[in-house]
Amino acid sequence: MPHTTINIQNSPISHVKLTLNDTNLTVQNFTRSKPATRHDIGFRFILHATFDDSSRMKLAYLAKKKELHLVVLEGTVDEADIRHAAEWAKSVMTAVYEDNGIQRSRRFMVFVNPFGGKKKGASIFVNKVEPVLKIAGCSLEVLYTTHQGQAQELAKNLPLDFDAIVIVSGDGLIHEILNGFAEHADPMKAFSIPIAPIPTGSGNGLSLNILGPEEGFDVLAAALNAIKGQPMKVDVFSVTQGGRRSISFMSQALGLMADLDIGTDNLRWMGETRFLYGLLRGLVKYKSCPVQLSYKVAEKDKLKMAVEVSLRKNTLGLHSPTSASTQAGFSDTLPPLKYVKRDEQEDEEGWTTFTDPILYVYAGKGPYVGRDYMAFPVSLPDDGLIDLVVMTNDSRGDLISAMDGAPQGNTYWHPKVHYVKAHTYRVKPLQEKGHLAIDGERYPFEEFQVEVYKGLATLMSPYGHYAAHFEPRTPTDTP
């Protein structure tokens, strides 16, 4: 049995006892004239352990107060433990990486957006994220974006030998990179490289969906996901408009939901608060969404969909290879579209047209669009379907009651909220002026159609499913 305990002297008046257990590492600090302290560090949070030729042990891990922070313990190993120290450090590294199927020393392409959100992306990366990635032994190629559209152009020609793409930004840069992948000479392989977002934008929906509301804005939790997460396949959307195709990974919004997003674009400095401001402004204006919506329904039973997402969460696990760079045999073209309308005579069988007055249309992938709004609570990563939400334009009171409990997904159960899973949908504007937001980005307010590329893209994930909690109940349980 390997030696499990190492003692190190980390100052003239204190020493630390490190004990390797089955699922964690115990750190006990003994300081003269102070009570001893003890912390159990789960293997997930341990980044690195080394013993060098000068008999010094170095242990790096993440600890949590309000948010995660980096802790580095260094000290001279007690003479009695020196002969075990190198093997002990090796055992720690094996336990926290290989024994959990995690590849060490990953190679990352890092895109940093210095201008997103509150314009702190560069300083957050340099001062917080980069030190954690480096101490974990990762190698980095870092690029700071200078203008909109640059990341998409770079992604078109990106070498495909990275283990993951780390994106220090909000959701906008992710949208650019995925659209760049769609134009790559080897798009299928490009999409197989996992995306690991670091949330520094005003909208960080993808990070929330991967890490959950408690850790979704914690940049070190996101860095840890890049270091130790595993690839998870996820659907993306093809949006065709005017003969052009775009990739959408998160949402398409019209009406009120688009107004509170791109209608508040000049308020990005407010962070998440701008979306609340937009909702309040929308309540005052309260105008209809002038569109015709048609879709092909896959499922519309709310209770059935809620039960399904609960069952999938309990049974799905991480099933993709550790490193995308090892995959081979990819096609050099994207899959063909199934439902795109090519002429006016095309068979319309199976399409449903929504006839009631519309306040907003919201379609997407991933439960959260913000920390305060779980818009798509029954969304699944790779079910090959679009979660499509329509709210009728009846009264301000309905909107207010529908948004009660929005962070928990309670809007889903409101009787005025129509929620279906669709194979495809199309929207035709009925007037010239309006807003269309795709992944939070402004698009022309013109006719468009959406369908799914099932499991095309890849995300780094610590869980193998979306980190959202949503319990099944009956619609009649709503107030």
# chains A, B, ... in the order shown; residues from 1 in each chain; ligands from 1

$ closest_atom_pairs --of "region 363-445 of chain A" --to "region 150-174 of chain A" --cutoff "9 Å" --atoms "only C-alpha atoms" --output "tab-separated table"
residue	atom	partner	partner_atom	distance
A:Asp439	CA	A:Asp171	CA	6.9
A:Gly440	CA	A:Gly172	CA	6.9
A:Glu441	CA	A:Gly172	CA	6.8

$ select_by_dssp --residues "region 106-344 of chain A" --states "strand (DSSP E or B)" --output "NGL selection string"
:A and (107-112 or 139-144 or 164-169 or 195-199 or 230-241 or 244-248 or 251-255 or 291-299)

$ write_last_selection --atoms "N, CA and C atoms" --output "short mmCIF file (atom, residue, chain, number, x, y, z; two decimals), in the first residue's frame"
data_model
loop_
_atom_site.label_atom_id
_atom_site.label_comp_id
_atom_site.auth_asym_id
_atom_site.auth_seq_id
_atom_site.Cartn_x
_atom_site.Cartn_y
_atom_site.Cartn_z
N ARG A 107 -3.90 20.89 -24.24
CA ARG A 107 -3.42 21.98 -25.10
C ARG A 107 -4.62 22.81 -25.54
N PHE A 108 -4.61 24.08 -25.21
CA PHE A 108 -5.76 24.95 -25.45
C PHE A 108 -5.44 26.07 -26.44
N MET A 109 -6.41 26.34 -27.30
CA MET A 109 -6.45 27.60 -28.04
C MET A 109 -7.36 28.52 -27.25
N VAL A 110 -6.85 29.67 -26.83
CA VAL A 110 -7.61 30.58 -25.97
C VAL A 110 -7.94 31.85 -26.74
N PHE A 111 -9.23 32.17 -26.84
CA PHE A 111 -9.68 33.44 -27.40
C PHE A 111 -10.12 34.33 -26.25
N VAL A 112 -9.57 35.54 -26.17
CA VAL A 112 -9.93 36.48 -25.11
C VAL A 112 -10.56 37.71 -25.75
N SER A 139 -0.89 23.78 -21.81
CA SER A 139 -0.17 24.67 -22.72
C SER A 139 -1.19 25.52 -23.46
N LEU A 140 -0.85 26.80 -23.66
CA LEU A 140 -1.82 27.76 -24.16
C LEU A 140 -1.30 28.50 -25.38
N GLU A 141 -2.17 28.65 -26.35
CA GLU A 141 -1.95 29.61 -27.43
C GLU A 141 -3.05 30.65 -27.29
N VAL A 142 -2.67 31.89 -27.01
CA VAL A 142 -3.63 32.92 -26.60
C VAL A 142 -3.77 33.98 -27.68
N LEU A 143 -5.02 34.35 -27.99
CA LEU A 143 -5.29 35.41 -28.94
C LEU A 143 -6.31 36.38 -28.34
N TYR A 144 -5.97 37.66 -28.34
CA TYR A 144 -6.87 38.71 -27.88
C TYR A 144 -7.57 39.31 -29.11
N ALA A 164 -9.05 21.61 -26.71
CA ALA A 164 -10.27 22.39 -26.47
C ALA A 164 -10.02 23.82 -26.90
N ILE A 165 -11.13 24.53 -27.15
CA ILE A 165 -11.10 25.96 -27.42
C ILE A 165 -11.64 26.65 -26.18
N VAL A 166 -10.80 27.42 -25.51
CA VAL A 166 -11.21 28.16 -24.32
C VAL A 166 -11.59 29.57 -24.76
N ILE A 167 -12.81 30.00 -24.41
CA ILE A 167 -13.33 31.28 -24.89
C ILE A 167 -13.62 32.18 -23.69
N VAL A 168 -12.78 33.20 -23.51
CA VAL A 168 -12.92 34.15 -22.40
C VAL A 168 -13.74 35.32 -22.92
N SER A 169 -15.04 35.25 -22.70
CA SER A 169 -15.95 36.21 -23.32
C SER A 169 -17.36 35.91 -22.84
N ILE A 195 -15.68 23.10 -26.76
CA ILE A 195 -15.69 24.51 -26.37
C ILE A 195 -15.77 24.58 -24.84
N ALA A 196 -14.92 25.41 -24.24
CA ALA A 196 -14.93 25.63 -22.79
C ALA A 196 -15.05 27.12 -22.53
N PRO A 197 -16.26 27.62 -22.22
CA PRO A 197 -16.43 29.07 -22.03
C PRO A 197 -15.96 29.53 -20.65
N ILE A 198 -15.35 30.72 -20.61
CA ILE A 198 -15.01 31.40 -19.37
C ILE A 198 -15.88 32.66 -19.33
N PRO A 199 -16.81 32.78 -18.39
CA PRO A 199 -17.85 33.82 -18.46
C PRO A 199 -17.36 35.22 -18.08
N GLN A 230 -15.12 16.79 -19.47
CA GLN A 230 -15.08 15.80 -20.55
C GLN A 230 -16.00 16.25 -21.69
N PRO A 231 -15.70 15.87 -22.93
CA PRO A 231 -16.53 16.30 -24.06
C PRO A 231 -17.98 15.80 -23.95
N MET A 232 -18.92 16.69 -24.26
CA MET A 232 -20.34 16.38 -24.28
C MET A 232 -20.90 16.87 -25.62
N LYS A 233 -21.52 15.97 -26.37
CA LYS A 233 -22.09 16.35 -27.66
C LYS A 233 -23.36 17.18 -27.43
N VAL A 234 -23.55 18.16 -28.29
CA VAL A 234 -24.70 19.05 -28.16
C VAL A 234 -25.19 19.45 -29.55
N ASP A 235 -26.51 19.60 -29.67
CA ASP A 235 -27.09 20.06 -30.92
C ASP A 235 -26.76 21.54 -31.16
N VAL A 236 -26.71 21.92 -32.42
CA VAL A 236 -26.73 23.33 -32.80
C VAL A 236 -27.79 23.50 -33.87
N PHE A 237 -28.14 24.76 -34.14
CA PHE A 237 -29.20 25.05 -35.09
C PHE A 237 -28.63 25.62 -36.39
N SER A 238 -29.26 25.25 -37.49
CA SER A 238 -29.01 25.91 -38.76
C SER A 238 -30.12 26.93 -38.97
N VAL A 239 -29.75 28.18 -39.13
CA VAL A 239 -30.70 29.26 -39.40
C VAL A 239 -30.49 29.71 -40.84
N THR A 240 -31.49 29.48 -41.68
CA THR A 240 -31.39 29.90 -43.08
C THR A 240 -32.26 31.14 -43.28
N GLN A 241 -31.66 32.13 -43.92
CA GLN A 241 -32.33 33.42 -44.11
C GLN A 241 -31.80 34.07 -45.38
N ARG A 244 -28.80 32.57 -46.97
CA ARG A 244 -27.63 32.45 -46.12
C ARG A 244 -27.90 31.48 -44.98
N ARG A 245 -26.87 30.77 -44.56
CA ARG A 245 -27.00 29.87 -43.41
C ARG A 245 -26.09 30.36 -42.29
N SER A 246 -26.66 30.41 -41.08
CA SER A 246 -25.88 30.74 -39.89
C SER A 246 -26.05 29.62 -38.88
N ILE A 247 -25.07 29.49 -38.00
CA ILE A 247 -25.14 28.53 -36.91
C ILE A 247 -25.56 29.26 -35.64
N SER A 248 -26.52 28.70 -34.94
CA SER A 248 -26.96 29.22 -33.64
C SER A 248 -26.81 28.12 -32.61
N SER A 251 -30.00 30.50 -28.81
CA SER A 251 -31.38 30.99 -28.86
C SER A 251 -31.64 31.84 -30.09
N GLN A 252 -32.93 31.88 -30.44
CA GLN A 252 -33.45 32.82 -31.43
C GLN A 252 -34.65 33.50 -30.78
N ALA A 253 -34.69 34.83 -30.84
CA ALA A 253 -35.71 35.57 -30.11
C ALA A 253 -36.35 36.63 -31.00
N LEU A 254 -37.68 36.75 -30.89
CA LEU A 254 -38.43 37.80 -31.55
C LEU A 254 -39.42 38.40 -30.57
N GLY A 255 -39.83 39.64 -30.85
CA GLY A 255 -40.77 40.29 -29.97
C GLY A 255 -40.11 40.75 -28.69
N VAL A 291 -45.44 38.67 -36.45
CA VAL A 291 -44.88 37.59 -37.26
C VAL A 291 -45.90 36.47 -37.44
N GLN A 292 -45.67 35.68 -38.49
CA GLN A 292 -46.39 34.42 -38.68
C GLN A 292 -45.42 33.29 -38.34
N LEU A 293 -45.82 32.43 -37.42
CA LEU A 293 -44.97 31.34 -36.95
C LEU A 293 -45.57 30.00 -37.36
N SER A 294 -44.76 29.15 -37.99
CA SER A 294 -45.17 27.79 -38.35
C SER A 294 -44.09 26.83 -37.88
N TYR A 295 -44.49 25.61 -37.49
CA TYR A 295 -43.52 24.65 -36.96
C TYR A 295 -44.02 23.23 -37.14
N LYS A 296 -43.09 22.27 -37.07
CA LYS A 296 -43.42 20.85 -37.08
C LYS A 296 -43.22 20.31 -35.67
N VAL A 297 -44.30 19.89 -35.05
CA VAL A 297 -44.27 19.48 -33.64
C VAL A 297 -43.71 18.08 -33.50
N ALA A 298 -42.82 17.92 -32.52
CA ALA A 298 -42.36 16.59 -32.11
C ALA A 298 -43.03 16.17 -30.81
N GLU A 299 -43.22 17.13 -29.89
CA GLU A 299 -43.88 16.86 -28.61
C GLU A 299 -44.42 18.16 -28.04
#

$ closest_residue --among "A:Gly121, A:Gly370, A:Gly455, A:Pro407" --to "Phe191 (chain A)" --atoms "only C-alpha atoms"
A:Gly455

$ select_by_dssp --residues "region 62-264 of chain A" --states "helix (DSSP H, G or I)" --output "PyMOL selection string"
chain A and resi 79-96+98-100+121-135+150-156+171-182+187-192+205-211+219-228+256-259+262-264

$ residues_around --residues "Glu79 (chain A)" --least-positions-apart "4" --cutoff "10 Å" --atoms "only C-alpha atoms" --output "MDAnalysis selection string"
chainID A and resid 7:8 55 83 85

$ closest_residue --among "A:Phe470, A:Tyr425, A:Phe448, A:Tyr97" --to "Val307 (chain A)" --atoms "only C-alpha atoms"
A:Phe470

$ atom_distance --atom1 "CA of Ala49 (chain A)" --atom2 "CA of Val96 (chain A)"
10.0 Å

$ closest_residue --among "A:Gln408, A:Asn29, A:Thr424, A:Asn179" --to "Leu73 (chain A)" --atoms "only C-alpha atoms"
A:Asn29

$ atom_distance --atom1 "CA of Asp22 (chain A)" --atom2 "CA of Ile82 (chain A)"
22.1 Å

$ closest_residue --among "A:His69, A:Lys134, A:Lys64, A:Arg371" --to "Ala468 (chain A)" --atoms "only C-alpha atoms"
A:Arg371

$ closest_residue --among "A:Thr50, A:Ser395, A:Ser310, A:Asn204" --to "Glu471 (chain A)" --atoms "only C-alpha atoms"
A:Ser310

$ residues_around --residues "Ser461 (chain A)" --least-positions-apart "3" --cutoff "6 Å" --atoms "only C-alpha atoms" --output "list in words"
Ile210, Gly229, Gln230 and Gly464 of chain A

$ write_last_selection --atoms "C-alpha atoms" --output "CSV table (one decimal), in the first residue's frame"
chain,number,residue,atom,x,y,z
A,210,ILE,CA,-22.7,23.9,-18.3
A,229,GLY,CA,-14.2,18.5,-18.0
A,230,GLN,CA,-15.1,15.8,-20.6
A,464,GLY,CA,-22.4,15.1,-19.0

$ atom_distance --atom1 "CA of Gly75 (chain A)" --atom2 "CA of Arg106 (chain A)"
26.9 Å
